[in-house]
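See structure below.
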Amino acid sequence: MHKIWSFHGGVHPNENKSQSNQLPIVVMPTPKQLVLPLSQHIGKAAKAVVEPGDYVLKGQLIASAQGFVSANIHAPSSGYVSALAERTLPHQSALSGPCIIIDTDGKDQWVELNPTTNPESLSKSELLNLIHAAGITGMGGASFPSAVKLQLKSDIHTLIINAAECEPYITADDRLMREYADQIIVGIQLLQQLLGQPRCLIGIEDNKPEAITALNLALSHNIGQQTAQHTNIEVCVIPTKYPSGGEKQLVEILTGHQVPHGGIPANIGIVCQNVGTAKAIFDAIIKGQPLIKRITTVTGKAAANAGNYQVLIGTQVEDLLAFAKVDLTRTSRLVMGGPMMGFTIQDTQTPLVKGSNCILAAADLELASVADHHACIRCGQCEVACPADLLPQQLFWFAKAEEFEKAQDHNLSDCIECGACAWVCPSQIPLVQYYRYAKGRVKSINSEAHLAELARMRFETREQRLADEKSAKEEKRKIRAVAAAAVQAAKRAANPTAEDPIAAALARVSKQKQEQQTAAAPKSSEEVYKELKTAAAITRTKLKKTSTALANAKAKDHEQEASLQQTVDQLTVKAEAAQAELKAYEAKLGLDPEKEKILLVAVAKTNAAIRKLEKTLATAEDSQALGEDITEAKAAHQIATQALADHQAKPAPAQES
Amino acid sequence: MQTLYLAIVILALLAIIFGAILGFAAIRFKVDGDPIVDQIDNLLPQTQCGQCGHPGCRPYAEAIANGEAINRCPPGGETTIKALADLLDVEAIPLDAEHGTEAIRTIAYIREDECIGCTKCIQACPVDAILGAAKQMHTVIIDECTGCDLCVEPCPVDCIDMIPIDVTPVSWHWQQPEQLIATSRLPHSHGESDHA
């Protein structure tokens, strides 16, 4: 007899198993419609490989696994795929998700199966592939893909088969063992073959004597047939205590070792599989059938035909309830799973999935209501009951105060949500819901932190890239500038005589100006004459001024006398030169300024005389004599004006020359 | 008198020795960068939306380290303000409404039929979460989108929507139970929890 250990805490709720474990498993007929969620396992959702309108055979692959942690889904019966649609999922959130909906045709026609006749010849990887292809997930409720769980790097010394079925009301595994013990043993042997022949311990609670007997019988029967290498399977009867069926608890009961914090049993060389999984592996390998059916318990006071039913995956709850004659009017709560760890479902069209082991149709007062809970009285009973050695009260305070870091420090993640603490709580505090809330918040905080980290990285990478682009542009610009300068230098070197462009431009401009000047019309002789006149006048004025200054200086015996004298001499010379130049030009023009002056004076004099006479005429009486005088004066003025005009007309020929 | 001089000399020597040790430590154990900025940056949501008036979360973290108010981050909301207040040992103050209000997280969605491929949103995205090329349809990488809203305004054809993130069975989590006490019972109801 194998030694049995124990684990801390645990509770003994009413078992309530006898309602459903008395009758043999009933095969439920194929329902009209099957609803298969693409995600009915832990990990990534499978991807549908059928289209609406496709005809599928029983056992045909309809959705294939995506990624490492995922599982295939097969058609549980033959019929037409009517839709790929969103339906309520069998999940605590009651959210909808994508499902494949099959309208069955009632023929239940199998796809061609490939049963293995000689399983001993299969290698480990072949076995794993078959398990993966059959879409097998853990049948205990968590639905972790089995092929992933069995794909281990480390050595396994013990295979534990979980047949404890510790949760009240559920008897699906109990009936399965009673009726399919032989197949379970073969499934276990296949698992041993896959894991390198470790010893196998079947952990079963002592409240299932018929199942224990059946297993022992099957074992002796099997060993009678087989060779000695299969003798290392032992049925270990353990005391009934909730939650001995928890993976970590069962490991501790059967081996005395604890699974390390944050680890899995494989870390200490142990693999744990549900008894239903062993049966599914038998079906997959020996019969070649994928996982399309399971045993589900229907129980509770509202179920007239409480018992165990073999249902197709995807059967909607309402079909099963109708078959089991559940009185929905008497049902106050419909729970999927057991009373300790299950969840309430509102939508009766929710499908049953690979992990659905029980439907509990509870009548009024059958399950304790938790609507009104009281304040914590710090009695400490939860700590006594906790099978994971945690401090539920502390976790409760932290969850309530949203101090999630502290909750994590108190190993919140090790909580298996078994509900033992809430079951013992005298204040009926929904402790598990607090822990689930805290776990959910921790998860979302972590995922937000992960996303924030990702965003930060992308932001910083982008900033870096923009900065790099900018500096690269600047660098390019500089390179271009250098290249341009080099080209210029090369040009100059090739043609050294070429002038500087600016100097050349300036030269061009001044040249243009000169040309313009030369091209301009020659100055008229009058203008030249005027200029010369002006120059002579200026020189004269200067001379006069300087002479005055000299006179002043001489008078005051000024010391500047000498320099002034010099200036006067120079100016005198200049003035004489200017006068000479003017005279010469006048001579050239044929002008006689002296004569012109005399003539002008004459004109002016005669003009003045006329004016005078006219004035006198206006006032005088002897007008006749005066009139003669005026006529004479006018004649004289005429002559003078004529003379001047003649004189001024003379330069004309010179102008033309 | 000699004792007095001796004491002064000893104290002076000690001062020099310890000064040297401190000076050495300051160089040897110098912390690169400004760790407080990093710590603040870690608490910010990294949305890079610029609603605080800074071009990204890190610049705001630097500004906070230099004494700017801690209540200018709408995406972070009360949680971030509380965390910052704890870190900086200052009082948590309500969110400054001038910079925006706390809203549910959204992500950008491009109505691809209407996209003209102008790349303006790509240039606006602070985390490179928009994929596309000139005159090609653009699309948002939803896993990378921070919901900062910065791509909406530059779009010349208004084909970008900000839509709330759907709750999936994976992202869903339990809510905290309603906290009832015996003296304030609500009418009896079913279905809050599942424990017998």
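Identifiers in the structure tokens: chain A, B, ... in order shown; residue index from 1 per chain; ligand index from 1 in order shown.
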**Asked** Got a sec: who's within 9 Å of stretch 142-158 of chain A, counting only C-alpha atoms, leaving out chain neighbours fewer than 4 positions off, as a ChimeraX atom specification?
**Response** /A:40-43,68-71,125,128-133,135-138,191,194-201,255,266-273,277,354-355
Kindly export the residues of the current selection with N, CA and C atoms, as a short mmCIF file (atom, residue, chain, number, x, y, z; two decimals), in the first residue's frame.
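What landed in selection_10.cif:
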```cif
data_model
loop_
_atom_site.label_atom_id
_atom_site.label_comp_id
_atom_site.auth_asym_id
_atom_site.auth_seq_id
_atom_site.Cartn_x
_atom_site.Cartn_y
_atom_site.Cartn_z
N GLN A 40 -12.33 26.89 -26.51
CA GLN A 40 -12.89 26.18 -25.35
C GLN A 40 -11.75 25.56 -24.54
N HIS A 41 -10.58 26.15 -24.69
CA HIS A 41 -9.40 25.65 -23.99
C HIS A 41 -8.56 26.86 -23.57
N ILE A 42 -7.61 26.62 -22.70
CA ILE A 42 -6.68 27.69 -22.33
C ILE A 42 -5.72 27.89 -23.51
N GLY A 43 -5.41 29.14 -23.83
CA GLY A 43 -4.49 29.43 -24.93
C GLY A 43 -5.20 30.13 -26.07
N PHE A 68 1.25 27.60 -30.17
CA PHE A 68 1.73 26.47 -29.38
C PHE A 68 0.66 25.96 -28.41
N VAL A 69 0.07 26.88 -27.62
CA VAL A 69 -0.94 26.46 -26.66
C VAL A 69 -2.31 26.65 -27.29
N SER A 70 -2.81 25.59 -27.90
CA SER A 70 -4.11 25.65 -28.57
C SER A 70 -4.53 24.21 -28.88
N ALA A 71 -5.78 24.04 -29.27
CA ALA A 71 -6.27 22.68 -29.53
C ALA A 71 -7.21 22.65 -30.73
N SER A 125 6.90 10.94 -30.06
CA SER A 125 6.41 12.07 -30.86
C SER A 125 5.16 11.67 -31.64
N LEU A 128 2.36 11.91 -29.17
CA LEU A 128 2.05 13.33 -28.92
C LEU A 128 1.26 13.92 -30.08
N ASN A 129 1.69 13.59 -31.30
CA ASN A 129 1.00 14.11 -32.48
C ASN A 129 -0.45 13.64 -32.53
N LEU A 130 -0.66 12.34 -32.17
CA LEU A 130 -2.02 11.82 -32.18
C LEU A 130 -2.88 12.53 -31.14
N ILE A 131 -2.30 12.77 -29.96
CA ILE A 131 -3.05 13.44 -28.89
C ILE A 131 -3.37 14.88 -29.32
N HIS A 132 -2.39 15.51 -29.95
CA HIS A 132 -2.59 16.89 -30.42
C HIS A 132 -3.66 16.91 -31.51
N ALA A 133 -3.56 15.99 -32.44
CA ALA A 133 -4.51 15.98 -33.57
C ALA A 133 -5.93 15.73 -33.09
N GLY A 135 -7.23 16.85 -30.51
CA GLY A 135 -7.76 18.03 -29.81
C GLY A 135 -8.06 17.78 -28.35
N ILE A 136 -7.24 16.93 -27.71
CA ILE A 136 -7.54 16.58 -26.32
C ILE A 136 -7.05 17.68 -25.38
N THR A 137 -7.94 18.06 -24.48
CA THR A 137 -7.58 19.01 -23.43
C THR A 137 -7.89 18.35 -22.09
N GLY A 138 -7.36 18.94 -21.03
CA GLY A 138 -7.62 18.39 -19.70
C GLY A 138 -9.11 18.33 -19.43
N LEU A 191 -0.05 6.81 -21.68
CA LEU A 191 0.60 7.99 -21.08
C LEU A 191 1.97 7.62 -20.51
N LEU A 194 4.36 7.29 -23.24
CA LEU A 194 4.75 8.61 -23.74
C LEU A 194 5.75 9.29 -22.82
N LEU A 195 5.61 9.07 -21.50
CA LEU A 195 6.45 9.78 -20.53
C LEU A 195 7.69 8.98 -20.13
N GLY A 196 7.93 7.87 -20.77
CA GLY A 196 9.13 7.10 -20.46
C GLY A 196 8.93 6.17 -19.27
N GLN A 197 7.77 5.53 -19.21
CA GLN A 197 7.44 4.53 -18.18
C GLN A 197 7.68 4.97 -16.75
N PRO A 198 7.10 6.11 -16.33
CA PRO A 198 7.19 6.42 -14.90
C PRO A 198 6.20 5.56 -14.12
N ARG A 199 6.36 5.51 -12.79
CA ARG A 199 5.33 4.83 -11.99
C ARG A 199 4.05 5.66 -12.07
N CYS A 200 2.93 5.00 -11.88
CA CYS A 200 1.67 5.74 -11.95
C CYS A 200 0.88 5.55 -10.67
N LEU A 201 0.42 6.67 -10.11
CA LEU A 201 -0.42 6.65 -8.93
C LEU A 201 -1.79 7.21 -9.31
N THR A 255 2.62 12.24 -2.87
CA THR A 255 4.09 12.17 -2.86
C THR A 255 4.71 12.85 -1.65
N ALA A 266 5.67 19.37 -13.03
CA ALA A 266 6.80 18.85 -13.81
C ALA A 266 8.13 19.32 -13.23
N ASN A 267 8.11 20.45 -12.50
CA ASN A 267 9.35 20.94 -11.89
C ASN A 267 9.91 19.96 -10.87
N ILE A 268 9.03 19.12 -10.29
CA ILE A 268 9.52 18.12 -9.34
C ILE A 268 9.30 16.71 -9.91
N GLY A 269 9.28 16.62 -11.25
CA GLY A 269 9.25 15.31 -11.91
C GLY A 269 7.91 14.61 -11.89
N ILE A 270 6.85 15.38 -11.79
CA ILE A 270 5.51 14.77 -11.72
C ILE A 270 4.61 15.37 -12.81
N VAL A 271 3.80 14.49 -13.42
CA VAL A 271 2.78 14.98 -14.34
C VAL A 271 1.45 14.49 -13.83
N CYS A 272 0.46 15.37 -13.86
CA CYS A 272 -0.86 15.03 -13.36
C CYS A 272 -1.86 15.09 -14.50
N GLN A 273 -2.64 14.02 -14.67
CA GLN A 273 -3.66 13.99 -15.72
C GLN A 273 -4.98 13.51 -15.13
N THR A 277 -9.17 12.40 -19.09
CA THR A 277 -8.18 12.62 -20.14
C THR A 277 -7.59 11.28 -20.58
N LYS A 354 -15.44 21.06 -23.86
CA LYS A 354 -14.62 19.91 -23.47
C LYS A 354 -14.45 19.79 -21.95
N GLY A 355 -14.50 20.93 -21.28
CA GLY A 355 -14.27 20.90 -19.83
C GLY A 355 -15.53 20.92 -18.99
#
```
**Message:** Taking only C-alpha atoms into account, find every residue of chain A that has an atom no more than 8 Å from chain B, and write it out as a PyMOL selection string.
**Reply:** chain A and resi 91+93+95+97+333+335+339-344+367-375+400+419+422-423+430+433-434+436-438+440-441+444+449+451-456+458-459+462
File of the preceding selection, N, CA and C atoms, as a short mmCIF file (atom, residue, chain, number, x, y, z; two decimals), in the first residue's frame:
```cif
data_model
loop_
_atom_site.label_atom_id
_atom_site.label_comp_id
_atom_site.auth_asym_id
_atom_site.auth_seq_id
_atom_site.Cartn_x
_atom_site.Cartn_y
_atom_site.Cartn_z
N HIS A 91 -18.54 30.72 -19.96
CA HIS A 91 -17.46 31.42 -19.27
C HIS A 91 -18.08 32.28 -18.18
N SER A 93 -17.76 35.22 -17.53
CA SER A 93 -18.14 36.56 -17.97
C SER A 93 -19.47 36.56 -18.71
N LEU A 95 -19.83 36.41 -21.72
CA LEU A 95 -19.66 37.17 -22.96
C LEU A 95 -19.86 36.23 -24.15
N GLY A 97 -18.68 34.85 -27.98
CA GLY A 97 -17.46 34.66 -28.75
C GLY A 97 -17.77 33.88 -30.00
N ARG A 333 -31.04 28.51 -9.55
CA ARG A 333 -29.72 28.86 -10.11
C ARG A 333 -29.23 27.71 -10.95
N VAL A 335 -25.91 26.22 -12.47
CA VAL A 335 -24.47 26.36 -12.31
C VAL A 335 -23.76 25.41 -13.26
N PRO A 339 -20.61 23.19 -7.23
CA PRO A 339 -21.08 24.29 -6.40
C PRO A 339 -19.94 25.13 -5.80
N MET A 340 -18.76 24.55 -5.71
CA MET A 340 -17.65 25.28 -5.10
C MET A 340 -16.92 26.16 -6.13
N MET A 341 -16.69 25.62 -7.29
CA MET A 341 -15.86 26.35 -8.26
C MET A 341 -16.59 26.70 -9.55
N GLY A 342 -17.82 26.28 -9.67
CA GLY A 342 -18.56 26.55 -10.92
C GLY A 342 -19.03 27.98 -11.00
N PHE A 343 -19.73 28.27 -12.09
CA PHE A 343 -20.24 29.63 -12.26
C PHE A 343 -21.68 29.56 -12.76
N THR A 344 -22.42 30.58 -12.40
CA THR A 344 -23.82 30.63 -12.78
C THR A 344 -23.95 30.95 -14.26
N LEU A 367 -28.56 25.90 -2.59
CA LEU A 367 -27.24 26.51 -2.43
C LEU A 367 -27.40 27.75 -1.56
N ALA A 368 -26.42 27.97 -0.72
CA ALA A 368 -26.49 29.13 0.18
C ALA A 368 -26.42 30.41 -0.64
N SER A 369 -27.24 31.35 -0.27
CA SER A 369 -27.20 32.64 -0.95
C SER A 369 -26.11 33.49 -0.30
N VAL A 370 -25.43 34.25 -1.13
CA VAL A 370 -24.36 35.10 -0.58
C VAL A 370 -24.70 36.56 -0.79
N ALA A 371 -25.98 36.84 -1.00
CA ALA A 371 -26.36 38.20 -1.32
C ALA A 371 -26.04 39.16 -0.16
N ASP A 372 -26.20 38.71 1.04
CA ASP A 372 -25.89 39.62 2.14
C ASP A 372 -24.78 39.04 2.99
N HIS A 373 -23.66 39.72 2.98
CA HIS A 373 -22.57 39.25 3.81
C HIS A 373 -22.28 40.28 4.88
N HIS A 374 -21.63 39.80 5.90
CA HIS A 374 -21.41 40.65 7.06
C HIS A 374 -19.94 41.06 7.12
N ALA A 375 -19.65 41.88 8.10
CA ALA A 375 -18.27 42.33 8.24
C ALA A 375 -17.40 41.18 8.74
N LYS A 400 -9.84 44.29 -0.98
CA LYS A 400 -10.88 45.27 -0.71
C LYS A 400 -10.30 46.69 -0.80
N GLY A 419 -12.56 27.96 -2.96
CA GLY A 419 -13.77 28.38 -2.25
C GLY A 419 -13.89 27.83 -0.84
N ALA A 422 -14.36 30.72 1.70
CA ALA A 422 -15.70 31.32 1.67
C ALA A 422 -16.71 30.36 2.28
N TRP A 423 -16.46 29.05 2.11
CA TRP A 423 -17.39 28.06 2.63
C TRP A 423 -17.42 28.07 4.16
N PRO A 430 -18.01 36.80 0.24
CA PRO A 430 -17.63 36.12 -1.01
C PRO A 430 -16.13 36.29 -1.28
N GLN A 433 -14.55 35.76 -4.73
CA GLN A 433 -14.78 36.80 -5.72
C GLN A 433 -13.80 37.96 -5.51
N TYR A 434 -13.48 38.24 -4.25
CA TYR A 434 -12.47 39.28 -3.99
C TYR A 434 -11.12 38.88 -4.60
N ARG A 436 -10.58 36.76 -7.05
CA ARG A 436 -10.66 36.77 -8.51
C ARG A 436 -10.56 38.20 -9.02
N TYR A 437 -11.24 39.10 -8.30
CA TYR A 437 -11.17 40.52 -8.67
C TYR A 437 -9.73 41.00 -8.60
N ALA A 438 -9.07 40.68 -7.50
CA ALA A 438 -7.68 41.13 -7.33
C ALA A 438 -6.78 40.53 -8.40
N GLY A 440 -7.69 39.53 -11.37
CA GLY A 440 -8.02 40.18 -12.65
C GLY A 440 -7.38 41.54 -12.76
N ARG A 441 -7.42 42.29 -11.66
CA ARG A 441 -6.82 43.62 -11.69
C ARG A 441 -5.31 43.53 -11.86
N SER A 444 -4.66 42.81 -15.43
CA SER A 444 -4.84 43.95 -16.34
C SER A 444 -3.77 45.01 -16.09
N ALA A 449 0.97 47.56 -18.10
CA ALA A 449 2.38 47.91 -17.93
C ALA A 449 3.19 47.40 -19.11
N LEU A 451 2.03 46.89 -22.16
CA LEU A 451 1.71 47.73 -23.31
C LEU A 451 2.41 49.09 -23.21
N ALA A 452 2.46 49.63 -21.98
CA ALA A 452 3.12 50.92 -21.79
C ALA A 452 4.60 50.80 -22.12
N GLU A 453 5.18 49.68 -21.71
CA GLU A 453 6.61 49.47 -21.98
C GLU A 453 6.84 49.41 -23.50
N LEU A 454 5.94 48.70 -24.15
CA LEU A 454 6.01 48.56 -25.61
C LEU A 454 5.89 49.94 -26.27
N ALA A 455 4.92 50.73 -25.78
CA ALA A 455 4.69 52.06 -26.35
C ALA A 455 5.91 52.94 -26.10
N ARG A 456 6.49 52.83 -24.91
CA ARG A 456 7.66 53.63 -24.60
C ARG A 456 8.80 53.29 -25.56
N ARG A 458 8.61 51.96 -28.51
CA ARG A 458 8.33 52.42 -29.87
C ARG A 458 8.48 53.93 -29.99
N PHE A 459 8.04 54.65 -28.94
CA PHE A 459 8.16 56.10 -28.94
C PHE A 459 9.63 56.50 -28.99
N ARG A 462 11.21 55.77 -32.26
CA ARG A 462 10.78 56.73 -33.27
C ARG A 462 11.55 58.05 -33.11
#
```
**Request:** May I have the residues within 8 Å of A:Cys376 as a PyMOL selection string, using only C-alpha atoms and disregarding those fewer than 3 positions away in the same chain?
**Result:** chain A and resi 379+427+429
Generate a file of the selected residues that holds N, CA and C atoms, formatted as a PDB file, in the first residue's frame.
```pdb
ATOM      1  N   CYS A 379     -12.086  35.847  12.583  1.00  0.00           N
ATOM      2  CA  CYS A 379     -12.095  34.599  13.334  1.00  0.00           C
ATOM      3  C   CYS A 379     -10.940  33.692  12.940  1.00  0.00           C
ATOM      4  N   SER A 427     -19.177  34.974   8.247  1.00  0.00           N
ATOM      5  CA  SER A 427     -19.792  36.223   7.784  1.00  0.00           C
ATOM      6  C   SER A 427     -20.246  36.127   6.328  1.00  0.00           C
ATOM      7  N   ILE A 429     -18.686  36.082   3.595  1.00  0.00           N
ATOM      8  CA  ILE A 429     -18.049  37.027   2.670  1.00  0.00           C
ATOM      9  C   ILE A 429     -17.675  36.274   1.401  1.00  0.00           C
TER      10      ILE A 429
END
```
**Message:** Applying 12 Å and only C-alpha atoms, which residues near A:Cys166 remain after dropping the ones on its own chain fewer than 5 positions away? List them as a PyMOL selection string.
**Reply:** chain A and resi 10-17+140+171-174+203-208+238-247+249-250+338-341+418
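The closest residue to A:Gln349, picked from A:Arg294, A:Arg175, A:Arg87, A:Lys530 and counting only C-alpha atoms, is A:Arg87.
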**Request:** Write out as a PyMOL selection string the residues lying within 8 Å of A:Cys415, counting only C-alpha atoms and excluding same-chain residues fewer than 5 positions away.
**Result:** chain A and resi 388+390+435
**Neighbour list for A:Gln394 as a PyMOL selection string, cut-off 12 Å, only C-alpha atoms, skip fewer than 6 positions in-chain** = chain A and resi 376+378+380+382-383+400-404+406-412+431+434-435
